[in-house]
Amino acid sequence: MDQTNLSLSEALLAALIGLGAIYFKIYALGIILIGTGIALIGIDPKLRDIFLKFIKLLSKGLYKKEETLSIERSQKSKIQKSGGDIFNVEGDINYGNSIKEKTQTSLKIYYDKNETYHRVPIANISPIRNGLFLHVMVRNEEERIAKDCYGELIEVQEKRDGTYSKVPTFTAPVILKWAHEDIDKKIDIDNEIPRRLDICHTIEGYDNLIFMTSGGPRGIQTQFPKGKYKIKVRVRGENTEFSYGEFLIDFDGNWRNIKINTLNQTKNI
């Protein structure tokens, strides 16, 4: 082997080792080896040009590879921070289902005096009597539709001697009824149409307020005499967290004279 080929081989070997060292971030060694390669062929301009072109092409290839790996590492980091899952398909990273979409939708329970009191005849009793229905409103505060929503009465307190205390015969949550829907029916709520959730009603000739519930579990008191009550309601959908509302009900025993007011509204997010 002549001196020129020997110099070129040594130069290329030094370049490969030097670039490999730089790729693995052993910068000092890489610079020394590349410098050695240049020195080996420094006496021959043609060899030096070939060497420099080779170095340039190899550097571009390594740069592109490093850029691709950097992008993948960045995407992987974002996915892990967002709680996404990463899985491999035939050796490649697949990000198609890795970033979870925002699925939680926000609901608000509130009192609207214009939508709360509805006086209608009750046709399923004989003789037909008038009834007064009380509702609260549920609004979806996001653009995403809230799916399969339901409401529950989770607490009833009665005012006695100036303070509210839990009714001992109300021991478990009961499902409330959506206005104009069958009992136990779940509904979708979009962000443009608030829905009424039936809370309770009174009936002409009766002296009780009756919560609009599904009737179960058995043994849970849902009819109450005249008095002042504090209730807690919550609503939830398939893609929502629980939202809560507390309301005061004042019933003097006359079916026409029952009032509801907002006490508090909270969200558990």
# chains A, B, ... in the order shown; residues from 1 in each chain; ligands from 1
call {"tool": "residues_around", "arguments": {"residues": "range 184-192 of chain A", "least_positions_apart": "3", "cutoff": "8 Å", "atoms": "only C-alpha atoms", "output": "VMD selection string"}}
result
chain A and resid 139 to 150 175 to 178 181 195 214
call {"tool": "atom_distance", "arguments": {"atom1": "CA of Asp161 in chain A", "atom2": "CA of Tyr111 in chain A"}}
result
26.8 Å
call {"tool": "closest_residue", "arguments": {"among": "A:Val235, A:Val174, A:Asn254, A:Ser106", "to": "Tyr206 in chain A", "atoms": "only C-alpha atoms"}}
result
A:Asn254
call {"tool": "closest_residue", "arguments": {"among": "A:Ile125, A:Val136, A:Val120, A:Val167", "to": "Ile220 in chain A", "atoms": "only C-alpha atoms"}}
result
A:Val167
call {"tool": "closest_residue", "arguments": {"among": "A:Trp255, A:Val138, A:Ser126, A:Asp198", "to": "Arg236 in chain A", "atoms": "only C-alpha atoms"}}
result
A:Val138
call {"tool": "closest_residue", "arguments": {"among": "A:Gly253, A:Gly237, A:Gly245, A:Gly205", "to": "Pro127 in chain A", "atoms": "only C-alpha atoms"}}
result
A:Gly205
call {"tool": "closest_residue", "arguments": {"among": "A:Val156, A:Phe133, A:Gln223, A:Phe242", "to": "Phe211 in chain A", "atoms": "only C-alpha atoms"}}
result
A:Gln223
call {"tool": "residues_around", "arguments": {"residues": "Arg129 in chain A", "least_positions_apart": "4", "cutoff": "8 Å", "atoms": "only C-alpha atoms", "output": "list of chain:residue names"}}
result
A:Pro121, A:Ile122, A:Ala123, A:Ile125, A:Ile203, A:Glu204, A:Gly205
call {"tool": "write_last_selection", "arguments": {"atoms": "C-alpha atoms", "output": "CSV table (one decimal), in the first residue's frame"}}
result
chain,number,residue,atom,x,y,z
A,121,PRO,CA,-102.3,20.1,36.7
A,122,ILE,CA,-101.2,16.6,37.8
A,123,ALA,CA,-103.2,14.2,35.5
A,125,ILE,CA,-104.1,11.3,40.2
A,203,ILE,CA,-99.9,18.9,45.3
A,204,GLU,CA,-103.2,20.8,46.0
A,205,GLY,CA,-104.9,19.3,49.0
call {"tool": "atom_distance", "arguments": {"atom1": "CA of Ser243 in chain A", "atom2": "CA of Leu197 in chain A"}}
result
13.3 Å
call {"tool": "atom_distance", "arguments": {"atom1": "CA of Ile231 in chain A", "atom2": "CA of Ile193 in chain A"}}
result
24.8 Å
call {"tool": "closest_residue", "arguments": {"among": "A:Pro173, A:Pro168, A:Gly162, A:Pro194", "to": "Thr213 in chain A", "atoms": "only C-alpha atoms"}}
result
A:Pro173
call {"tool": "decode", "arguments": {"residues": "range 97-250 of chain A", "atoms": "C-alpha atoms", "output": "CSV table (one decimal), in the first residue's frame"}}
result
chain,number,residue,atom,x,y,z
A,97,ASN,CA,-53.4,7.6,20.6
A,98,SER,CA,-50.8,8.7,23.0
A,99,ILE,CA,-51.9,12.2,23.9
A,100,LYS,CA,-55.2,12.1,25.8
A,101,GLU,CA,-57.8,14.6,24.7
A,102,LYS,CA,-59.4,16.8,27.3
A,103,THR,CA,-62.4,14.9,28.3
A,104,GLN,CA,-63.7,16.7,31.4
A,105,THR,CA,-66.6,19.0,30.9
A,106,SER,CA,-67.8,21.6,33.5
A,107,LEU,CA,-71.4,21.6,34.8
A,108,LYS,CA,-72.9,24.3,36.9
A,109,ILE,CA,-76.0,24.0,39.1
A,110,TYR,CA,-77.9,27.2,39.7
A,111,TYR,CA,-81.2,28.8,40.7
A,112,ASP,CA,-83.1,30.9,38.2
A,113,LYS,CA,-86.4,32.4,39.5
A,114,ASN,CA,-87.8,32.5,36.0
A,115,GLU,CA,-87.3,28.8,35.5
A,116,THR,CA,-87.9,27.4,39.0
A,117,TYR,CA,-91.6,27.5,39.7
A,118,HIS,CA,-94.0,25.7,37.4
A,119,ARG,CA,-97.7,25.3,38.2
A,120,VAL,CA,-99.3,22.5,36.2
A,121,PRO,CA,-102.3,20.1,36.7
A,122,ILE,CA,-101.2,16.6,37.8
A,123,ALA,CA,-103.2,14.2,35.5
A,124,ASN,CA,-102.1,10.9,37.0
A,125,ILE,CA,-104.1,11.3,40.2
A,126,SER,CA,-107.9,11.4,40.6
A,127,PRO,CA,-109.4,13.8,40.7
A,128,ILE,CA,-106.9,15.9,38.8
A,129,ARG,CA,-105.2,18.4,41.1
A,130,ASN,CA,-102.9,21.3,40.6
A,131,GLY,CA,-99.2,20.9,41.5
A,132,LEU,CA,-96.3,23.3,41.9
A,133,PHE,CA,-92.9,22.1,40.7
A,134,LEU,CA,-89.6,23.4,41.8
A,135,HIS,CA,-86.5,23.1,39.6
A,136,VAL,CA,-82.8,24.1,39.5
A,137,MET,CA,-80.9,24.6,36.3
A,138,VAL,CA,-77.9,22.7,35.1
A,139,ARG,CA,-75.7,24.4,32.5
A,140,ASN,CA,-72.8,23.0,30.6
A,141,GLU,CA,-70.0,25.6,30.6
A,142,GLU,CA,-67.9,23.9,27.9
A,143,GLU,CA,-68.4,23.5,24.2
A,144,ARG,CA,-68.1,19.7,24.5
A,145,ILE,CA,-71.4,18.0,25.1
A,146,ALA,CA,-71.8,16.6,28.6
A,147,LYS,CA,-72.9,13.0,28.1
A,148,ASP,CA,-75.3,10.8,30.1
A,149,CYS,CA,-75.9,13.3,32.9
A,150,TYR,CA,-77.8,12.5,36.1
A,151,GLY,CA,-78.6,14.4,39.3
A,152,GLU,CA,-78.8,13.2,42.9
A,153,LEU,CA,-80.2,14.5,46.1
A,154,ILE,CA,-77.4,13.6,48.6
A,155,GLU,CA,-78.3,15.4,51.8
A,156,VAL,CA,-81.4,16.9,53.5
A,157,GLN,CA,-81.2,19.0,56.7
A,158,GLU,CA,-84.1,20.4,58.6
A,159,LYS,CA,-84.1,23.6,60.6
A,160,ARG,CA,-84.9,23.2,64.2
A,161,ASP,CA,-84.3,25.6,67.1
A,162,GLY,CA,-82.5,28.0,64.7
A,163,THR,CA,-80.0,25.5,63.4
A,164,TYR,CA,-80.0,22.9,60.6
A,165,SER,CA,-79.3,19.3,61.3
A,166,LYS,CA,-79.4,16.2,59.1
A,167,VAL,CA,-82.6,14.3,58.8
A,168,PRO,CA,-81.9,10.9,60.3
A,169,THR,CA,-84.3,9.1,57.9
A,170,PHE,CA,-82.5,10.4,54.8
A,171,THR,CA,-79.5,8.1,54.9
A,172,ALA,CA,-78.4,7.6,51.2
A,173,PRO,CA,-78.4,9.6,47.9
A,174,VAL,CA,-81.4,9.3,45.6
A,175,ILE,CA,-81.6,9.9,41.9
A,176,LEU,CA,-83.5,13.1,40.9
A,177,LYS,CA,-85.7,13.4,37.8
A,178,TRP,CA,-85.0,15.6,34.8
A,179,ALA,CA,-87.9,17.8,33.9
A,180,HIS,CA,-90.1,16.3,31.1
A,181,GLU,CA,-88.1,13.0,31.2
A,182,ASP,CA,-88.8,9.6,32.6
A,183,ILE,CA,-87.5,8.8,36.0
A,184,ASP,CA,-83.9,7.5,36.0
A,185,LYS,CA,-83.4,8.9,32.4
A,186,LYS,CA,-79.9,10.2,31.8
A,187,ILE,CA,-79.6,13.1,29.3
A,188,ASP,CA,-76.9,14.9,27.2
A,189,ILE,CA,-76.4,18.6,27.9
A,190,ASP,CA,-74.9,21.0,25.3
A,191,ASN,CA,-73.6,24.4,26.1
A,192,GLU,CA,-76.5,26.3,24.6
A,193,ILE,CA,-79.5,24.7,26.3
A,194,PRO,CA,-79.5,24.5,30.1
A,195,ARG,CA,-81.7,21.7,31.5
A,196,ARG,CA,-84.1,21.8,34.4
A,197,LEU,CA,-83.6,19.3,37.2
A,198,ASP,CA,-86.7,18.5,39.2
A,199,ILE,CA,-86.2,19.0,42.9
A,200,CYS,CA,-89.6,18.7,44.6
A,201,HIS,CA,-93.2,19.5,44.1
A,202,THR,CA,-96.4,20.1,46.1
A,203,ILE,CA,-99.9,18.9,45.3
A,204,GLU,CA,-103.2,20.8,46.0
A,205,GLY,CA,-104.9,19.3,49.0
A,206,TYR,CA,-101.7,17.6,50.3
A,207,ASP,CA,-99.6,19.1,53.1
A,208,ASN,CA,-96.2,17.5,52.2
A,209,LEU,CA,-93.4,18.5,49.9
A,210,ILE,CA,-92.3,15.6,47.8
A,211,PHE,CA,-88.8,15.2,46.3
A,212,MET,CA,-88.7,14.1,42.7
A,213,THR,CA,-86.7,11.0,43.1
A,214,SER,CA,-86.6,7.4,41.8
A,215,GLY,CA,-88.0,6.0,45.0
A,216,GLY,CA,-85.0,3.9,45.9
A,217,PRO,CA,-83.2,2.8,48.0
A,218,ARG,CA,-86.1,1.7,50.1
A,219,GLY,CA,-86.5,3.3,53.5
A,220,ILE,CA,-85.2,6.7,52.4
A,221,GLN,CA,-87.6,9.5,53.4
A,222,THR,CA,-88.5,11.7,50.4
A,223,GLN,CA,-91.7,13.4,51.6
A,224,PHE,CA,-91.5,16.1,54.3
A,225,PRO,CA,-94.0,18.2,56.2
A,226,LYS,CA,-93.9,22.0,56.4
A,227,GLY,CA,-90.7,23.5,57.5
A,228,LYS,CA,-87.3,24.9,56.4
A,229,TYR,CA,-84.8,22.6,54.8
A,230,LYS,CA,-81.3,22.8,53.4
A,231,ILE,CA,-80.5,20.3,50.7
A,232,LYS,CA,-77.4,19.4,48.8
A,233,VAL,CA,-77.6,18.3,45.1
A,234,ARG,CA,-74.9,17.0,42.8
A,235,VAL,CA,-74.8,16.3,39.1
A,236,ARG,CA,-72.4,14.3,37.0
A,237,GLY,CA,-72.1,13.0,33.4
A,238,GLU,CA,-70.0,10.4,31.7
A,239,ASN,CA,-67.3,13.0,30.9
A,240,THR,CA,-67.7,15.4,33.8
A,241,GLU,CA,-66.7,15.6,37.5
A,242,PHE,CA,-69.3,16.0,40.2
A,243,SER,CA,-70.7,19.5,40.6
A,244,TYR,CA,-72.5,20.5,43.7
A,245,GLY,CA,-75.2,23.0,44.7
A,246,GLU,CA,-76.8,23.7,48.1
A,247,PHE,CA,-80.3,25.2,48.3
A,248,LEU,CA,-82.8,26.4,51.0
A,249,ILE,CA,-86.4,25.3,50.8
A,250,ASP,CA,-89.1,27.1,52.8
